[in-house]
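Trainee: Before I ask anything, let me first share the structure, which is written out below as structure tokens.
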Amino acid sequence: MFSYDDYREIIRIIKSTGRHCSYAEALGKDNFVIMRHDVEYSVERAYQMAKVEQSMDFVSTFFFQWTNNTYNILSRRNMDMIKDMHERGQHIGLHFALNGMTDMQQIRKRIQMEIDILSEMFGFEITEFSIHRPSKDVLRENIKLDGILNAYQDDFFTFADKISESTTLTVKYMSDANHIWRYGYPDEANITGYDKVQILVHPFAWSKKGGGNFDNYRDLLQEKYIEMVESVDNECKDFGEYKEYFLEKIVR
């Protein structure tokens, strides 16, 4: 599982329904299937997943973090990839990290501020956001901002304090968080069995070969290590003689 071939099958099922929508397109509709990506750890993996989608004439929404210790959304390399995704039709949004904030008014202001900054930096308007590890209080708040769509607002997501088999779901939500499909796998039964569906796929968990959680993290960390070595080499003239030494230290 978690290979690009597995992902292509999910896309195939979604396209077969004729209900594939962006957030803006889904607003007010009685039937939709939304595909969303929260980008953790790797812009490169998000870019590769966008290429898989493009090969199938499919677009979705990629949410990127402004405050993230593992990638810099404003680095030249990452900005170039994100701009290219946007130019190819992908929807780009903000993946908002609460970073300990609990005051709902403060959260609203911060979301608006980050969206305004990123829109200015990227040169195109950002009008959607998702929340990184949302608390129940934030989900219950059902945050809505003028002209901005929240992936967790009640048009696209059903909140309940406790989900059970008897819980009425206006929207069927499925997520691959922690390399585990929560609330069902997006197979034909789950995608076609509900009028409204939102699917969350984290690009860092997917690759060409797929595999288990450990193998994925190992490969991801190797990719980040190589990225770091190459970044230092590009910036520091005196690093060149050490580059091969550090590349040989990669754990295979």
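Following the order of the structure tokens, chains are lettered A, B, ..., residues in each are numbered from 1, and ligands are numbered from 1.
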Would you list, as a PyMOL selection string, the residues of region 100-251 of chain A that end up in strand (DSSP E) under DSSP run on this structure's backbone?

Mentor: chain A and resi 128-132+149-150+172-175+196-200

Trainee: Would you save the residues from that selection as a compact mmCIF listing (two decimals), in the first residue's frame, using all heavy atoms?

Mentor:
```txt
# COMPACT_ATOMS: atom_id res chain seq x y z
N GLU A 128 -8.04 29.17 0.82
CA GLU A 128 -8.45 27.97 1.55
C GLU A 128 -7.41 27.62 2.60
O GLU A 128 -6.22 27.88 2.42
CB GLU A 128 -8.60 26.79 0.57
CG GLU A 128 -9.66 27.03 -0.50
CD GLU A 128 -9.50 26.12 -1.71
OE1 GLU A 128 -8.38 25.60 -1.92
OE2 GLU A 128 -10.47 25.95 -2.45
N PHE A 129 -7.86 27.02 3.67
CA PHE A 129 -6.93 26.55 4.70
C PHE A 129 -7.43 25.27 5.34
O PHE A 129 -8.63 24.98 5.37
CB PHE A 129 -6.68 27.63 5.77
CG PHE A 129 -7.85 27.88 6.70
CD1 PHE A 129 -7.96 27.21 7.92
CD2 PHE A 129 -8.85 28.79 6.36
CE1 PHE A 129 -9.02 27.44 8.78
CE2 PHE A 129 -9.92 29.02 7.21
CZ PHE A 129 -10.01 28.35 8.42
N SER A 130 -6.49 24.49 5.85
CA SER A 130 -6.79 23.36 6.72
C SER A 130 -6.00 23.58 8.00
O SER A 130 -5.04 24.35 8.02
CB SER A 130 -6.41 22.02 6.07
OG SER A 130 -5.00 21.93 5.93
N ILE A 131 -6.38 22.93 9.06
CA ILE A 131 -5.73 23.12 10.36
C ILE A 131 -4.93 21.88 10.71
O ILE A 131 -5.41 20.75 10.61
CB ILE A 131 -6.77 23.43 11.45
CG1 ILE A 131 -7.52 24.72 11.12
CG2 ILE A 131 -6.09 23.55 12.82
CD1 ILE A 131 -8.66 25.04 12.05
N HIS A 132 -3.68 22.11 11.09
CA HIS A 132 -2.78 21.02 11.47
C HIS A 132 -3.14 20.54 12.88
O HIS A 132 -3.17 21.31 13.83
CB HIS A 132 -1.35 21.54 11.44
CG HIS A 132 -0.31 20.54 11.81
ND1 HIS A 132 -0.17 19.34 11.15
CD2 HIS A 132 0.64 20.55 12.78
CE1 HIS A 132 0.83 18.66 11.68
NE2 HIS A 132 1.34 19.36 12.68
N LEU A 149 -12.21 29.56 2.63
CA LEU A 149 -12.85 28.29 2.97
C LEU A 149 -11.97 27.47 3.89
O LEU A 149 -10.76 27.37 3.69
CB LEU A 149 -13.15 27.50 1.69
CG LEU A 149 -14.13 28.16 0.70
CD1 LEU A 149 -14.24 27.32 -0.56
CD2 LEU A 149 -15.48 28.37 1.35
N ASN A 150 -12.60 26.88 4.89
CA ASN A 150 -11.94 26.01 5.87
C ASN A 150 -12.27 24.57 5.53
O ASN A 150 -13.44 24.19 5.45
CB ASN A 150 -12.45 26.39 7.27
CG ASN A 150 -11.97 25.46 8.36
OD1 ASN A 150 -11.11 24.62 8.16
ND2 ASN A 150 -12.52 25.63 9.56
N LYS A 172 -18.69 12.00 4.59
CA LYS A 172 -17.80 10.88 4.89
C LYS A 172 -16.36 11.37 4.77
O LYS A 172 -15.94 11.84 3.71
CB LYS A 172 -18.04 9.73 3.93
CG LYS A 172 -17.07 8.56 4.07
CD LYS A 172 -17.18 7.87 5.42
CE LYS A 172 -16.32 6.62 5.48
NZ LYS A 172 -16.33 5.97 6.81
N TYR A 173 -15.60 11.24 5.87
CA TYR A 173 -14.22 11.73 5.92
C TYR A 173 -13.29 10.54 6.09
O TYR A 173 -13.50 9.70 6.96
CB TYR A 173 -14.08 12.70 7.09
CG TYR A 173 -12.70 13.26 7.31
CD1 TYR A 173 -12.20 14.27 6.50
CD2 TYR A 173 -11.90 12.80 8.36
CE1 TYR A 173 -10.94 14.81 6.73
CE2 TYR A 173 -10.64 13.33 8.59
CZ TYR A 173 -10.17 14.34 7.78
OH TYR A 173 -8.92 14.87 8.00
N MET A 174 -12.25 10.49 5.26
CA MET A 174 -11.24 9.44 5.36
C MET A 174 -9.86 10.07 5.36
O MET A 174 -9.60 11.01 4.61
CB MET A 174 -11.38 8.46 4.20
CG MET A 174 -12.61 7.59 4.28
SD MET A 174 -12.92 6.61 2.77
CE MET A 174 -13.81 7.83 1.76
N SER A 175 -8.96 9.56 6.18
CA SER A 175 -7.63 10.12 6.32
C SER A 175 -6.59 9.02 6.49
O SER A 175 -6.84 8.02 7.18
CB SER A 175 -7.57 11.07 7.52
OG SER A 175 -6.25 11.44 7.84
N LYS A 196 -21.51 12.85 0.08
CA LYS A 196 -20.45 13.84 0.27
C LYS A 196 -19.24 13.17 0.90
O LYS A 196 -19.37 12.53 1.95
CB LYS A 196 -20.94 14.99 1.16
CG LYS A 196 -22.13 15.76 0.58
CD LYS A 196 -22.57 16.89 1.50
CE LYS A 196 -23.72 17.68 0.89
NZ LYS A 196 -24.13 18.82 1.77
N VAL A 197 -18.09 13.35 0.26
CA VAL A 197 -16.87 12.67 0.71
C VAL A 197 -15.70 13.65 0.69
O VAL A 197 -15.54 14.41 -0.27
CB VAL A 197 -16.53 11.47 -0.21
CG1 VAL A 197 -15.22 10.82 0.21
CG2 VAL A 197 -17.67 10.46 -0.22
N GLN A 198 -14.90 13.64 1.76
CA GLN A 198 -13.63 14.35 1.78
C GLN A 198 -12.53 13.35 2.15
O GLN A 198 -12.65 12.64 3.14
CB GLN A 198 -13.61 15.52 2.77
CG GLN A 198 -12.26 16.24 2.76
CD GLN A 198 -12.16 17.44 3.70
OE1 GLN A 198 -11.10 18.06 3.78
NE2 GLN A 198 -13.24 17.79 4.41
N ILE A 199 -11.46 13.33 1.34
CA ILE A 199 -10.35 12.41 1.55
C ILE A 199 -9.08 13.22 1.81
O ILE A 199 -8.76 14.14 1.05
CB ILE A 199 -10.14 11.50 0.33
CG1 ILE A 199 -11.42 10.73 0.00
CG2 ILE A 199 -8.98 10.52 0.58
CD1 ILE A 199 -11.38 10.00 -1.33
N LEU A 200 -8.39 12.88 2.89
CA LEU A 200 -7.11 13.53 3.23
C LEU A 200 -5.98 12.53 3.01
O LEU A 200 -5.93 11.47 3.63
CB LEU A 200 -7.11 14.00 4.69
CG LEU A 200 -5.76 14.44 5.26
CD1 LEU A 200 -5.14 15.56 4.44
CD2 LEU A 200 -5.93 14.88 6.72
```

Trainee: Return as a PyMOL selection string the full set of residues in region 91-126 of chain A whose backbone-based DSSP assignment is alpha helix (DSSP H).

Mentor: chain A and resi 104-122

Trainee: Take the selection from the previous step and output its residues with N, CA, C and O atoms, as a short mmCIF file (atom, residue, chain, number, x, y, z; two decimals), in the first residue's frame.

Mentor:
```cif
data_model
loop_
_atom_site.label_atom_id
_atom_site.label_comp_id
_atom_site.auth_asym_id
_atom_site.auth_seq_id
_atom_site.Cartn_x
_atom_site.Cartn_y
_atom_site.Cartn_z
N MET A 104 -9.92 31.80 20.10
CA MET A 104 -10.49 31.66 18.76
C MET A 104 -10.36 32.95 17.93
O MET A 104 -10.17 32.90 16.71
N GLN A 105 -10.45 34.08 18.58
CA GLN A 105 -10.29 35.34 17.85
C GLN A 105 -8.86 35.51 17.37
O GLN A 105 -8.61 35.95 16.23
N GLN A 106 -7.92 35.14 18.21
CA GLN A 106 -6.51 35.20 17.83
C GLN A 106 -6.22 34.24 16.68
O GLN A 106 -5.47 34.57 15.75
N ILE A 107 -6.81 33.05 16.74
CA ILE A 107 -6.62 32.07 15.68
C ILE A 107 -7.15 32.60 14.36
O ILE A 107 -6.48 32.49 13.32
N ARG A 108 -8.31 33.20 14.38
CA ARG A 108 -8.88 33.77 13.15
C ARG A 108 -7.95 34.84 12.55
O ARG A 108 -7.71 34.86 11.34
N LYS A 109 -7.46 35.71 13.41
CA LYS A 109 -6.58 36.78 12.93
C LYS A 109 -5.29 36.22 12.35
O LYS A 109 -4.79 36.71 11.33
N ARG A 110 -4.76 35.19 13.00
CA ARG A 110 -3.50 34.61 12.54
C ARG A 110 -3.69 33.91 11.20
O ARG A 110 -2.83 34.00 10.31
N ILE A 111 -4.79 33.19 11.03
CA ILE A 111 -5.07 32.53 9.75
C ILE A 111 -5.13 33.56 8.64
O ILE A 111 -4.50 33.40 7.58
N GLN A 112 -5.86 34.63 8.88
CA GLN A 112 -5.99 35.68 7.87
C GLN A 112 -4.62 36.30 7.55
O GLN A 112 -4.29 36.54 6.37
N MET A 113 -3.82 36.54 8.57
CA MET A 113 -2.50 37.13 8.38
C MET A 113 -1.61 36.22 7.53
O MET A 113 -0.95 36.68 6.59
N GLU A 114 -1.58 34.93 7.87
CA GLU A 114 -0.71 34.01 7.14
C GLU A 114 -1.17 33.86 5.69
O GLU A 114 -0.35 33.78 4.77
N ILE A 115 -2.46 33.83 5.47
CA ILE A 115 -2.99 33.75 4.10
C ILE A 115 -2.61 34.99 3.31
O ILE A 115 -2.20 34.91 2.14
N ASP A 116 -2.73 36.16 3.92
CA ASP A 116 -2.37 37.41 3.24
C ASP A 116 -0.89 37.43 2.86
O ASP A 116 -0.52 37.83 1.75
N ILE A 117 -0.03 37.00 3.80
CA ILE A 117 1.41 36.99 3.54
C ILE A 117 1.75 36.02 2.41
O ILE A 117 2.50 36.36 1.48
N LEU A 118 1.22 34.81 2.47
CA LEU A 118 1.54 33.82 1.46
C LEU A 118 0.99 34.22 0.09
O LEU A 118 1.64 33.98 -0.94
N SER A 119 -0.18 34.82 0.06
CA SER A 119 -0.74 35.30 -1.22
C SER A 119 0.19 36.33 -1.84
O SER A 119 0.44 36.32 -3.05
N GLU A 120 0.72 37.23 -1.01
CA GLU A 120 1.64 38.26 -1.49
C GLU A 120 2.95 37.64 -1.98
O GLU A 120 3.48 38.00 -3.04
N MET A 121 3.49 36.69 -1.23
CA MET A 121 4.77 36.09 -1.57
C MET A 121 4.68 35.24 -2.84
O MET A 121 5.60 35.25 -3.67
N PHE A 122 3.59 34.50 -3.00
CA PHE A 122 3.47 33.61 -4.15
C PHE A 122 2.92 34.29 -5.40
O PHE A 122 3.08 33.79 -6.50
#
```

Trainee: With distances taken over only C-alpha atoms, which residue among A:Glu227, A:Asp161, A:Asp103, A:Glu188 lies nearest Thr70 (chain A)?

Mentor: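 Looking only at the distances to Thr70 (chain A), the closest residue turns out to be A:Glu227.
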
Trainee: Have a look at CA of Tyr71 (chain A) and CA of His91 (chain A) and let me know their distance in Å, one decimal.

Mentor: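 About the pair CA of Tyr71 (chain A) and CA of His91 (chain A): they are 19.4 Å apart.
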
Trainee: I'd like a table as CSV: residues in region 157-230 of chain A with an atom no more than 12 Å from region 51-59 of chain A, each row giving the shortest atom pair and its distance in Å to one decimal, only C-alpha atoms counted, sorted by chain and rising residue number.

Mentor:
```
residue,atom,partner,partner_atom,distance
A:Pro203,CA,A:Val52,CA,11.1
A:Trp206,CA,A:Val52,CA,11.1
A:Ser207,CA,A:Val52,CA,10.3
A:Lys208,CA,A:Val52,CA,9.7
```

Trainee: At a cut-off of 12 Å, can you tabulate as CSV every residue of region 62-121 of chain A near region 7-24 of chain A together with its closest atom pair and the distance in Å to one decimal, using only C-alpha atoms and ordering rows by chain then number?

Mentor:
```
residue,atom,partner,partner_atom,distance
A:Phe62,CA,A:Ser22,CA,11.0
A:Gly89,CA,A:Ser22,CA,11.1
A:Gln90,CA,A:Ser22,CA,9.7
A:His91,CA,A:Ser22,CA,8.0
A:Ile92,CA,A:Ser22,CA,10.9
A:Gly93,CA,A:Tyr23,CA,10.8
```
